[in-house]
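Student: So here's coords27.cif, just mmCIF, C-alpha atoms:
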data_data
loop_
_atom_site.label_atom_id
_atom_site.label_comp_id
_atom_site.auth_asym_id
_atom_site.auth_seq_id
_atom_site.Cartn_x
_atom_site.Cartn_y
_atom_site.Cartn_z
CA MET X 6 -44.21 -11.91 7.60
CA THR X 7 -45.21 -15.40 8.74
CA ILE X 8 -48.85 -16.30 8.05
CA THR X 9 -50.17 -18.83 10.56
CA LEU X 10 -53.60 -20.45 10.70
CA ILE X 11 -54.76 -22.15 13.91
CA THR X 12 -57.97 -24.15 13.93
CA GLY X 13 -60.10 -24.16 17.07
CA ALA X 14 -58.28 -21.03 18.22
CA ASN X 15 -61.04 -19.26 20.11
CA LYS X 16 -60.13 -20.75 23.50
CA GLY X 17 -57.74 -22.95 25.45
CA LEU X 18 -54.59 -24.21 23.76
CA GLY X 19 -55.50 -22.67 20.41
CA ARG X 20 -55.97 -19.22 21.87
CA GLU X 21 -52.73 -19.41 23.86
CA THR X 22 -50.83 -20.62 20.79
CA ALA X 23 -52.24 -17.66 18.87
CA ARG X 24 -51.20 -15.24 21.63
CA ARG X 25 -47.67 -16.59 21.77
CA LEU X 26 -47.12 -16.62 18.01
CA LEU X 27 -48.51 -13.10 17.70
CA SER X 28 -46.00 -11.98 20.32
CA ILE X 29 -43.10 -13.11 18.12
CA GLY X 30 -44.42 -11.45 14.99
CA HIS X 31 -46.64 -13.98 13.24
CA THR X 32 -49.76 -12.84 11.44
CA VAL X 33 -52.21 -15.21 13.11
CA LEU X 34 -55.49 -16.32 11.57
CA VAL X 35 -57.85 -17.47 14.32
CA GLY X 36 -59.87 -20.31 12.85
CA ALA X 37 -63.16 -21.07 14.61
CA ARG X 38 -66.60 -22.26 13.64
CA ASP X 39 -68.34 -20.06 16.22
CA VAL X 40 -68.34 -16.65 14.54
CA GLU X 41 -69.05 -14.62 17.68
CA ARG X 42 -66.39 -16.31 19.82
CA GLY X 43 -63.86 -16.42 17.03
CA GLN X 44 -64.24 -12.74 16.18
CA ARG X 45 -64.09 -11.74 19.84
CA THR X 46 -60.90 -13.74 20.35
CA ALA X 47 -59.28 -12.25 17.26
CA ASP X 48 -60.22 -8.72 18.36
CA GLU X 49 -58.86 -9.27 21.86
CA LEU X 50 -55.56 -10.71 20.61
CA GLY X 51 -55.01 -8.51 17.59
CA ALA X 52 -55.39 -11.43 15.19
CA VAL X 53 -57.57 -12.06 12.13
CA PHE X 54 -60.70 -14.18 12.40
CA VAL X 55 -61.35 -16.81 9.74
CA GLU X 56 -64.58 -18.79 9.93
CA LEU X 57 -63.61 -22.45 9.67
CA ASP X 58 -65.48 -25.61 10.62
CA PRO X 59 -63.14 -28.59 10.09
CA THR X 60 -66.11 -30.95 9.76
CA SER X 61 -67.46 -29.08 6.71
CA ASP X 62 -65.89 -29.35 3.26
CA ALA X 63 -67.61 -26.14 2.19
CA SER X 64 -66.41 -24.21 5.23
CA VAL X 65 -62.82 -25.39 4.84
CA ALA X 66 -62.84 -24.60 1.12
CA ALA X 67 -64.21 -21.11 1.78
CA ALA X 68 -61.53 -20.49 4.40
CA ALA X 69 -58.80 -21.61 2.01
CA ASP X 70 -60.18 -19.34 -0.72
CA ARG X 71 -60.14 -16.38 1.64
CA VAL X 72 -56.55 -17.00 2.72
CA ARG X 73 -55.51 -17.44 -0.91
CA ASN X 74 -57.16 -14.18 -1.94
CA GLU X 75 -55.87 -12.14 1.01
CA TYR X 76 -52.39 -13.60 1.57
CA GLY X 77 -51.51 -15.86 -1.33
CA LEU X 78 -49.81 -18.45 0.87
CA LEU X 79 -49.74 -20.08 4.29
CA ASP X 80 -46.53 -20.61 6.27
CA VAL X 81 -47.83 -22.50 9.30
CA LEU X 82 -50.93 -24.63 9.81
CA VAL X 83 -51.79 -25.73 13.33
CA ASN X 84 -54.53 -28.36 13.39
CA ASN X 85 -55.68 -27.73 16.94
CA ALA X 86 -59.48 -28.17 16.79
CA GLY X 87 -60.52 -31.29 18.65
CA THR X 88 -63.22 -32.98 20.68
CA ALA X 89 -63.36 -35.51 23.51
CA GLU X 90 -66.77 -36.73 22.35
CA PRO X 91 -68.28 -39.22 22.50
CA ARG X 92 -67.73 -39.90 26.17
CA VAL X 93 -69.09 -43.44 25.83
CA ALA X 94 -67.59 -46.64 27.27
CA ALA X 95 -66.45 -49.36 24.89
CA ALA X 96 -69.31 -51.72 25.75
CA ASP X 97 -71.88 -49.09 24.79
CA LEU X 98 -70.11 -47.48 21.83
CA THR X 99 -71.75 -47.45 18.41
CA ALA X 100 -70.09 -46.65 15.09
CA ASP X 101 -72.26 -43.55 14.64
CA GLU X 102 -71.17 -42.25 18.04
CA ALA X 103 -67.52 -42.94 17.27
CA MET X 104 -67.84 -40.86 14.12
CA GLN X 105 -68.34 -37.76 16.28
CA GLY X 106 -64.74 -37.99 17.45
CA PHE X 107 -63.18 -39.17 14.19
CA ASP X 108 -64.90 -36.50 12.11
CA VAL X 109 -63.34 -33.70 14.17
CA ASN X 110 -60.03 -35.20 15.28
CA VAL X 111 -59.01 -37.19 12.18
CA PHE X 112 -61.06 -36.25 9.12
CA GLY X 113 -61.00 -32.58 10.13
CA PRO X 114 -57.21 -32.26 9.85
CA ILE X 115 -57.31 -34.24 6.59
CA ARG X 116 -59.85 -31.79 5.14
CA VAL X 117 -57.84 -28.79 6.27
CA MET X 118 -54.46 -30.12 5.08
CA HIS X 119 -55.91 -31.04 1.69
CA ALA X 120 -57.47 -27.62 1.17
CA PHE X 121 -54.46 -25.62 2.36
CA LEU X 122 -51.70 -27.73 0.81
CA PRO X 123 -51.31 -25.52 -2.30
CA LEU X 124 -50.94 -22.46 -0.05
CA LEU X 125 -48.38 -24.22 2.13
CA ARG X 126 -46.39 -25.18 -0.96
CA ALA X 127 -46.21 -21.49 -1.85
CA SER X 128 -44.29 -20.81 1.40
CA ASP X 129 -40.50 -20.79 1.71
CA ASN X 130 -40.68 -22.67 5.02
CA PRO X 131 -44.03 -24.46 5.40
CA ARG X 132 -44.85 -26.22 8.66
CA ILE X 133 -47.83 -28.29 9.81
CA VAL X 134 -48.41 -29.00 13.50
CA ASN X 135 -51.05 -31.57 14.38
CA VAL X 136 -52.12 -31.27 18.01
CA SER X 137 -52.28 -34.86 19.17
CA SER X 138 -52.21 -36.24 22.73
CA GLY X 139 -50.22 -38.53 24.95
CA VAL X 140 -53.28 -40.79 25.15
CA GLY X 141 -52.53 -41.62 21.53
CA SER X 142 -49.21 -43.12 22.67
CA PHE X 143 -49.46 -46.90 23.15
CA THR X 144 -46.51 -46.77 25.52
CA ARG X 145 -47.97 -44.14 27.79
CA ILE X 146 -51.54 -45.38 27.89
CA LEU X 147 -50.34 -48.89 28.79
CA THR X 148 -47.88 -47.75 31.48
CA PRO X 149 -49.36 -47.84 35.01
CA GLY X 150 -48.96 -44.60 36.93
CA THR X 151 -49.08 -42.27 33.93
CA ALA X 152 -51.82 -39.69 33.49
CA GLU X 153 -52.71 -41.43 30.23
CA ASN X 154 -53.14 -44.87 31.82
CA VAL X 155 -56.29 -43.84 33.67
CA VAL X 156 -58.10 -42.97 30.42
CA THR X 157 -60.47 -45.80 29.48
CA LEU X 158 -62.76 -44.14 26.93
CA PRO X 159 -62.02 -45.74 23.55
CA VAL X 160 -62.59 -43.10 20.89
CA TYR X 161 -60.45 -40.12 21.90
CA PRO X 162 -57.20 -42.14 22.28
CA ALA X 163 -57.93 -43.94 19.01
CA THR X 164 -58.40 -40.66 17.14
CA LYS X 165 -55.16 -39.24 18.50
CA ALA X 166 -53.21 -42.39 17.65
CA ALA X 167 -54.62 -42.11 14.13
CA LEU X 168 -53.70 -38.43 13.90
CA THR X 169 -50.13 -39.15 14.94
CA MET X 170 -49.79 -41.87 12.31
CA LEU X 171 -51.25 -39.52 9.72
CA THR X 172 -48.60 -37.01 10.74
CA VAL X 173 -45.85 -39.51 10.03
CA GLN X 174 -47.31 -40.47 6.67
CA TYR X 175 -47.81 -36.87 5.57
CA ALA X 176 -44.25 -36.08 6.65
CA ARG X 177 -42.99 -38.96 4.50
CA ALA X 178 -45.06 -37.86 1.51
CA LEU X 179 -44.81 -34.05 1.55
CA GLU X 180 -41.27 -33.15 0.58
CA GLY X 181 -40.24 -29.71 1.76
CA ILE X 182 -43.01 -29.42 4.38
CA LEU X 183 -42.25 -30.09 8.03
CA VAL X 184 -45.12 -32.10 9.51
CA ASN X 185 -45.01 -32.88 13.22
CA ALA X 186 -47.36 -33.85 16.05
CA ALA X 187 -47.48 -32.12 19.42
CA ASP X 188 -48.64 -33.57 22.73
CA PRO X 189 -49.73 -30.68 24.98
CA GLY X 190 -49.70 -32.89 28.08
CA PHE X 191 -52.28 -32.79 30.86
CA THR X 192 -53.16 -29.12 30.65
CA GLY X 193 -55.93 -27.32 32.49
CA THR X 194 -58.54 -26.23 29.91
CA ASP X 195 -62.29 -26.49 29.35
CA PHE X 196 -61.48 -29.71 27.50
CA ASN X 197 -60.89 -31.53 30.81
CA ASN X 198 -62.92 -29.25 33.09
CA ASN X 199 -59.65 -27.53 34.10
CA ARG X 200 -58.37 -30.64 35.87
CA GLY X 201 -55.02 -30.56 34.07
CA THR X 202 -51.85 -29.96 36.05
CA GLN X 203 -50.10 -27.77 33.47
CA THR X 204 -50.81 -24.16 32.53
CA VAL X 205 -51.93 -23.37 28.99
CA THR X 206 -48.54 -21.78 28.40
CA GLU X 207 -46.79 -25.02 29.36
CA GLY X 208 -49.30 -26.92 27.24
CA THR X 209 -48.42 -24.91 24.16
CA ASP X 210 -44.64 -25.17 24.49
CA ALA X 211 -44.35 -28.06 22.02
CA ILE X 212 -46.88 -26.53 19.62
CA VAL X 213 -45.01 -23.22 19.48
CA ARG X 214 -41.65 -24.96 19.13
CA LEU X 215 -42.85 -27.02 16.18
CA ALA X 216 -44.62 -24.04 14.60
CA THR X 217 -41.37 -22.06 14.57
CA LEU X 218 -38.97 -24.70 13.27
CA PRO X 219 -36.27 -23.63 10.82
CA LYS X 220 -36.17 -25.17 7.35
CA GLU X 221 -33.71 -27.83 8.47
CA GLY X 222 -35.90 -28.81 11.42
CA PRO X 223 -37.23 -32.32 12.06
CA THR X 224 -40.29 -33.80 10.41
CA GLY X 225 -42.46 -36.80 11.27
CA THR X 226 -41.85 -36.43 15.02
CA PHE X 227 -44.15 -36.63 18.04
CA GLN X 228 -43.09 -34.17 20.75
CA ASP X 229 -44.20 -32.75 24.08
CA ARG X 230 -42.63 -29.90 26.02
CA HIS X 231 -39.91 -32.24 27.32
CA GLY X 232 -38.93 -33.85 24.02
CA THR X 233 -39.87 -36.98 22.06
CA VAL X 234 -43.05 -38.84 22.98
CA PRO X 235 -42.85 -42.66 22.72
CA TRP X 236 -45.12 -44.30 20.16
#
Show the structure stored in the file as structure tokens.

Tutor:
Amino acid sequence: MTITLITGANKGLGRETARRLLSIGHTVLVGARDVERGQRTADELGAVFVELDPTSDASVAAAADRVRNEYGLLDVLVNNAGTAEPRVAAADLTADEAMQGFDVNVFGPIRVMHAFLPLLRASDNPRIVNVSSGVGSFTRILTPGTAENVVTLPVYPATKAALTMLTVQYARALEGILVNAADPGFTGTDFNNNRGTQTVTEGTDAIVRLATLPKEGPTGTFQDRHGTVPW
């Protein structure tokens, strides 16, 4: 039995990742801070709801305690919860506004990885997947004609670049744990008002691939559904 926790799993990419991993036999824990939506999603999919707000130390600690008491370990952690806020141009951005994005997209995964690390170490094949973005790629965001190049808001790309670098550093530090970053690509979800050109299934291809790696799989990589994403 493979125990998998997905944060922000009540909709979009998180929900589709949960559906796909359930279909191949994972026991999926749907992490969400909205109790009603999270429980409804878990019931609809046949998963287990775990209340988890990545911006709250107490919430993350409580979630880790529950998983420890009920399962004793965690095989796969997918840090999927994210936000596009604040949608503020660089000239108007304040540090307090920027913290909205960094608290969810960067400090959230740090909180969750810290709390769940002992449970991951209890697994025979632990894997962490950090859901990043192509807008965190310097190459892509600076290349004219790419979907990423049109993004001018400062905070979201900065948080995803930071998350990808964190992925590399955790991969270098955590021996025996595969830590990789996934770029879903421009996928139609509520996150972008369904403007994305990919389906949610296509958007979760890299996440699912990295969540199901064998022990000898790669670590410290940044991948989309087509392969390696340039830094």

Student: In Å, rounded to a single decimal, give me how far CA of Thr157 (chain X) is from CA of Asp58 (chain X).

Tutor: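 That distance, rounded to one decimal, is 28.1 Å.
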
Student: Could you check the closest approach to Phe191 (chain X) for each of X:Val205, X:Leu122, X:Leu98, X:Ala86 and tell me which residue wins, using all atoms listed in the file?

Tutor: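 The answer is X:Val205, which sits nearest to Phe191 (chain X).
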
Student: Assuming the chain letters and numbering stay as they are in my file, what does the PyMOL selection byres ((chain X and resi 128) around 10) actually select? List them as number ranges by chain.

Tutor: X: 7-8, 77-81, 123-127, 129-132, 181-182

Student: Could I get the residues of region 16-49 of chain X with an atom no further than 12 Å from an atom of region 69-73 of chain X, each paired with its nearest atom pair and that distance in Å to one decimal, using all atoms listed in the file, sorted by chain and residue number, as CSV?

Tutor:
residue,atom,partner,partner_atom,distance
X:Thr32,CA,X:Val72,CA,11.8
X:Val33,CA,X:Val72,CA,11.4
X:Leu34,CA,X:Val72,CA,8.9
X:Val35,CA,X:Val72,CA,11.7
X:Gly36,CA,X:Ala69,CA,11.0

Student: Emit the selected residues as a PDB file, keeping the file's coordinate frame, including C-alpha atoms.

Tutor:
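Listing of out31.pdb after writing:
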ATOM      1  CA  THR X  32     -49.760 -12.840  11.440  1.00  0.00           C
ATOM      2  CA  VAL X  33     -52.210 -15.210  13.110  1.00  0.00           C
ATOM      3  CA  LEU X  34     -55.490 -16.320  11.570  1.00  0.00           C
ATOM      4  CA  VAL X  35     -57.850 -17.470  14.320  1.00  0.00           C
ATOM      5  CA  GLY X  36     -59.870 -20.310  12.850  1.00  0.00           C
TER       6      GLY X  36
END

Student: Kindly resolve the PyMOL selection byres ((chain X and resi 139) around 7) on the present coordinates and return the residues as a ChimeraX atom specification.

Tutor: /X:138,140-142,145,153,188,190
